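Note sheet for the following structure.
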Amino acid sequence: MVTAYAVAATVTDPELPMLTLADLGVLREVSEEDGRVVVAITPTYTGCPAMDTMRDDLVHALTGAGYGEVEVRTVLRPAWSTDWITEDGKRKLAEAGIAPPGAAPRRTGPIPLTLSPPVSSVRCPHCGSADTEEQSRFSATACKALRRCRSCLEPFEHVKEI
């Protein structure tokens, strides 16, 4: 039988189906306790609407692989960060035309309140140009922004650094 982790690691993200939950860094731990499989996942942000689907997909994949009882736990600490996306995951995002995130900002203490949008340099996943502009802070999901390349004029999504 394939290990429970190997099965869970094949489950894809419902909002970014080119990534597995392992690529995304959401899959935290898979263990066997008292004859059941226990899976720990961390949401990408509080209130992520994909959590129920992730949970259902994990249970379906593991029971389909022959594991009888499956429990999926939500782990909130430490909070998920885009730094948890694997290099393979970032490559898959770029190949799908979505700009992967850069390094997440490091903060200590209170988060400063600013009235202007954050400025970031994002390369176009189509042509590689750094001459891009943000069109909308939010795209199809709250964790992505909509951008446009000034060089090739193509629109693209960017996974925001969290």
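Residues are named by chain letter and number: chains run A, B, ... in the order of the structure tokens, numbers start at 1 in each chain, and ligands are numbered from 1 in the order shown.
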
If you take only C-alpha atoms and a cut-off of 6 Å, which residues of stretch 67-87 of chain A touch stretch 22-34 of chain A, and what are their nearest atom pairs and distances in Å to one decimal, in chain and number order, as JSON lines?
```
{"residue": "A:Trp84", "atom": "CA", "partner": "A:Gly25", "partner_atom": "CA", "distance": 4.8}
{"residue": "A:Ile85", "atom": "CA", "partner": "A:Leu24", "partner_atom": "CA", "distance": 4.5}
{"residue": "A:Thr86", "atom": "CA", "partner": "A:Asp23", "partner_atom": "CA", "distance": 5.2}
```

Exercise. For A:Ser129, work out the shell of residues within 10 Å, counting only C-alpha atoms and skipping chain neighbours fewer than 3 positions away, then give it as a list in words.
Key: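 My list of contacting residues is Val122, Arg123, Cys124, Pro125, His126, Thr132, Cys149, Arg150, Ser151 and Cys152 of chain A.
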
Take the selection from the previous step and output its residues with all heavy atoms, as a PDB file, in the first residue's frame.
```
ATOM      1  N   VAL A 122       7.312  42.499  -9.949  1.00  0.00           N
ATOM      2  CA  VAL A 122       6.831  41.178 -10.331  1.00  0.00           C
ATOM      3  C   VAL A 122       7.155  40.953 -11.798  1.00  0.00           C
ATOM      4  O   VAL A 122       6.779  41.760 -12.654  1.00  0.00           O
ATOM      5  CB  VAL A 122       5.310  41.049 -10.098  1.00  0.00           C
ATOM      6  CG1 VAL A 122       4.813  39.697 -10.554  1.00  0.00           C
ATOM      7  CG2 VAL A 122       4.979  41.282  -8.633  1.00  0.00           C
ATOM      8  N   ARG A 123       7.837  39.869 -12.086  1.00  0.00           N
ATOM      9  CA  ARG A 123       8.187  39.541 -13.473  1.00  0.00           C
ATOM     10  C   ARG A 123       7.010  38.891 -14.178  1.00  0.00           C
ATOM     11  O   ARG A 123       6.290  38.081 -13.596  1.00  0.00           O
ATOM     12  CB  ARG A 123       9.382  38.606 -13.523  1.00  0.00           C
ATOM     13  CG  ARG A 123      10.669  39.268 -13.086  1.00  0.00           C
ATOM     14  CD  ARG A 123      11.884  38.522 -13.616  1.00  0.00           C
ATOM     15  NE  ARG A 123      13.051  39.348 -13.472  1.00  0.00           N
ATOM     16  CZ  ARG A 123      13.432  40.283 -14.339  1.00  0.00           C
ATOM     17  NH1 ARG A 123      12.725  40.500 -15.415  1.00  0.00           N
ATOM     18  NH2 ARG A 123      14.514  40.997 -14.136  1.00  0.00           N
ATOM     19  N   CYS A 124       6.852  39.216 -15.431  1.00  0.00           N
ATOM     20  CA  CYS A 124       5.804  38.629 -16.261  1.00  0.00           C
ATOM     21  C   CYS A 124       6.125  37.149 -16.496  1.00  0.00           C
ATOM     22  O   CYS A 124       7.237  36.820 -16.929  1.00  0.00           O
ATOM     23  CB  CYS A 124       5.730  39.367 -17.594  1.00  0.00           C
ATOM     24  SG  CYS A 124       4.587  38.621 -18.781  1.00  0.00           S
ATOM     25  N   PRO A 125       5.181  36.254 -16.220  1.00  0.00           N
ATOM     26  CA  PRO A 125       5.452  34.833 -16.451  1.00  0.00           C
ATOM     27  C   PRO A 125       5.446  34.462 -17.932  1.00  0.00           C
ATOM     28  O   PRO A 125       5.868  33.374 -18.298  1.00  0.00           O
ATOM     29  CB  PRO A 125       4.314  34.135 -15.710  1.00  0.00           C
ATOM     30  CG  PRO A 125       3.208  35.123 -15.717  1.00  0.00           C
ATOM     31  CD  PRO A 125       3.865  36.474 -15.647  1.00  0.00           C
ATOM     32  N   HIS A 126       5.005  35.390 -18.795  1.00  0.00           N
ATOM     33  CA  HIS A 126       4.949  35.113 -20.234  1.00  0.00           C
ATOM     34  C   HIS A 126       6.245  35.487 -20.944  1.00  0.00           C
ATOM     35  O   HIS A 126       6.779  34.698 -21.717  1.00  0.00           O
ATOM     36  CB  HIS A 126       3.772  35.856 -20.878  1.00  0.00           C
ATOM     37  CG  HIS A 126       2.455  35.540 -20.256  1.00  0.00           C
ATOM     38  ND1 HIS A 126       1.863  34.300 -20.325  1.00  0.00           N
ATOM     39  CD2 HIS A 126       1.621  36.302 -19.507  1.00  0.00           C
ATOM     40  CE1 HIS A 126       0.715  34.312 -19.679  1.00  0.00           C
ATOM     41  NE2 HIS A 126       0.547  35.513 -19.162  1.00  0.00           N
ATOM     42  N   THR A 132       5.968  45.554 -15.168  1.00  0.00           N
ATOM     43  CA  THR A 132       4.581  45.143 -14.997  1.00  0.00           C
ATOM     44  C   THR A 132       3.880  46.116 -14.056  1.00  0.00           C
ATOM     45  O   THR A 132       4.531  46.833 -13.289  1.00  0.00           O
ATOM     46  CB  THR A 132       4.478  43.713 -14.428  1.00  0.00           C
ATOM     47  OG1 THR A 132       4.993  43.686 -13.100  1.00  0.00           O
ATOM     48  CG2 THR A 132       5.219  42.715 -15.301  1.00  0.00           C
ATOM     49  N   CYS A 149       1.541  43.114 -18.071  1.00  0.00           N
ATOM     50  CA  CYS A 149       2.910  43.364 -18.508  1.00  0.00           C
ATOM     51  C   CYS A 149       2.904  44.531 -19.489  1.00  0.00           C
ATOM     52  O   CYS A 149       2.129  44.540 -20.447  1.00  0.00           O
ATOM     53  CB  CYS A 149       3.479  42.112 -19.179  1.00  0.00           C
ATOM     54  SG  CYS A 149       5.161  42.332 -19.791  1.00  0.00           S
ATOM     55  N   ARG A 150       3.750  45.502 -19.251  1.00  0.00           N
ATOM     56  CA  ARG A 150       3.839  46.654 -20.164  1.00  0.00           C
ATOM     57  C   ARG A 150       4.644  46.310 -21.419  1.00  0.00           C
ATOM     58  O   ARG A 150       4.556  47.014 -22.410  1.00  0.00           O
ATOM     59  CB  ARG A 150       4.485  47.831 -19.451  1.00  0.00           C
ATOM     60  CG  ARG A 150       3.609  48.433 -18.373  1.00  0.00           C
ATOM     61  CD  ARG A 150       4.276  49.681 -17.787  1.00  0.00           C
ATOM     62  NE  ARG A 150       3.476  50.268 -16.751  1.00  0.00           N
ATOM     63  CZ  ARG A 150       3.876  50.427 -15.497  1.00  0.00           C
ATOM     64  NH1 ARG A 150       5.076  50.016 -15.124  1.00  0.00           N
ATOM     65  NH2 ARG A 150       3.095  50.998 -14.617  1.00  0.00           N
ATOM     66  N   SER A 151       5.404  45.231 -21.382  1.00  0.00           N
ATOM     67  CA  SER A 151       6.208  44.840 -22.547  1.00  0.00           C
ATOM     68  C   SER A 151       5.394  44.019 -23.543  1.00  0.00           C
ATOM     69  O   SER A 151       5.285  44.371 -24.705  1.00  0.00           O
ATOM     70  CB  SER A 151       7.437  44.055 -22.106  1.00  0.00           C
ATOM     71  OG  SER A 151       8.304  44.876 -21.355  1.00  0.00           O
ATOM     72  N   CYS A 152       4.821  42.907 -23.089  1.00  0.00           N
ATOM     73  CA  CYS A 152       4.064  42.040 -24.010  1.00  0.00           C
ATOM     74  C   CYS A 152       2.561  42.311 -23.957  1.00  0.00           C
ATOM     75  O   CYS A 152       1.804  41.743 -24.744  1.00  0.00           O
ATOM     76  CB  CYS A 152       4.361  40.563 -23.743  1.00  0.00           C
ATOM     77  SG  CYS A 152       3.670  39.914 -22.199  1.00  0.00           S
TER      78      CYS A 152
END
```

Practice problem: Excluding A:Leu62 and any residue of its chain fewer than 3 positions from it, enumerate the residues within 12 Å of it, using only C-alpha atoms, and give them as a ChimeraX atom specification. | Solution: /A:1-11,30,32,36-39,55-59,65-72

Quiz item: Which residue out of A:Leu76, A:Cys127, A:Cys143, A:Val159 has the minimum interatomic distance to A:Ala103 when only C-alpha atoms are used?
Solution: A:Val159

Please run DSSP on the backbone and report, as an mmCIF file with C-alpha atoms, in the first residue's frame, all residues within stretch 23-150 of chain A that come out as strand (DSSP E).
```
data_model
loop_
_atom_site.group_PDB
_atom_site.id
_atom_site.type_symbol
_atom_site.label_atom_id
_atom_site.label_comp_id
_atom_site.auth_asym_id
_atom_site.auth_seq_id
_atom_site.Cartn_x
_atom_site.Cartn_y
_atom_site.Cartn_z
ATOM 1 C CA LEU A 27 -0.078 19.887 3.822
ATOM 2 C CA ARG A 28 1.661 19.987 7.189
ATOM 3 C CA GLU A 29 1.694 16.442 8.505
ATOM 4 C CA VAL A 30 0.262 12.998 7.840
ATOM 5 C CA SER A 31 0.384 10.362 10.569
ATOM 6 C CA GLU A 32 -1.341 7.185 11.618
ATOM 7 C CA GLU A 33 -2.868 7.234 15.099
ATOM 8 C CA ARG A 36 -6.716 6.048 11.476
ATOM 9 C CA VAL A 37 -4.913 8.544 9.282
ATOM 10 C CA VAL A 38 -4.626 12.051 10.690
ATOM 11 C CA VAL A 39 -3.830 14.838 8.250
ATOM 12 C CA ALA A 40 -2.890 18.361 9.352
ATOM 13 C CA ILE A 41 -3.422 21.250 6.942
ATOM 14 C CA VAL A 70 -9.364 9.662 7.979
ATOM 15 C CA GLU A 71 -9.355 12.778 10.146
ATOM 16 C CA VAL A 72 -8.293 16.146 8.759
ATOM 17 C CA ARG A 73 -7.221 18.732 11.317
ATOM 18 C CA THR A 74 -6.757 22.432 10.726
ATOM 19 C CA ILE A 98 0.797 32.831 -12.824
ATOM 20 C CA ALA A 99 3.651 34.850 -11.358
ATOM 21 C CA THR A 132 4.581 45.143 -14.997
ATOM 22 C CA GLU A 133 1.788 46.988 -13.238
ATOM 23 C CA GLU A 134 -0.905 45.973 -10.813
ATOM 24 C CA GLN A 135 -4.392 46.267 -12.264
ATOM 25 C CA SER A 136 -6.303 45.031 -9.217
ATOM 26 C CA LYS A 144 -3.815 36.662 -6.024
ATOM 27 C CA ALA A 145 -3.526 40.086 -7.682
ATOM 28 C CA LEU A 146 -4.229 40.900 -11.323
ATOM 29 C CA ARG A 147 -1.291 42.439 -13.181
ATOM 30 C CA ARG A 148 -0.424 43.429 -16.745
ATOM 31 C CA CYS A 149 2.910 43.364 -18.508
#
```
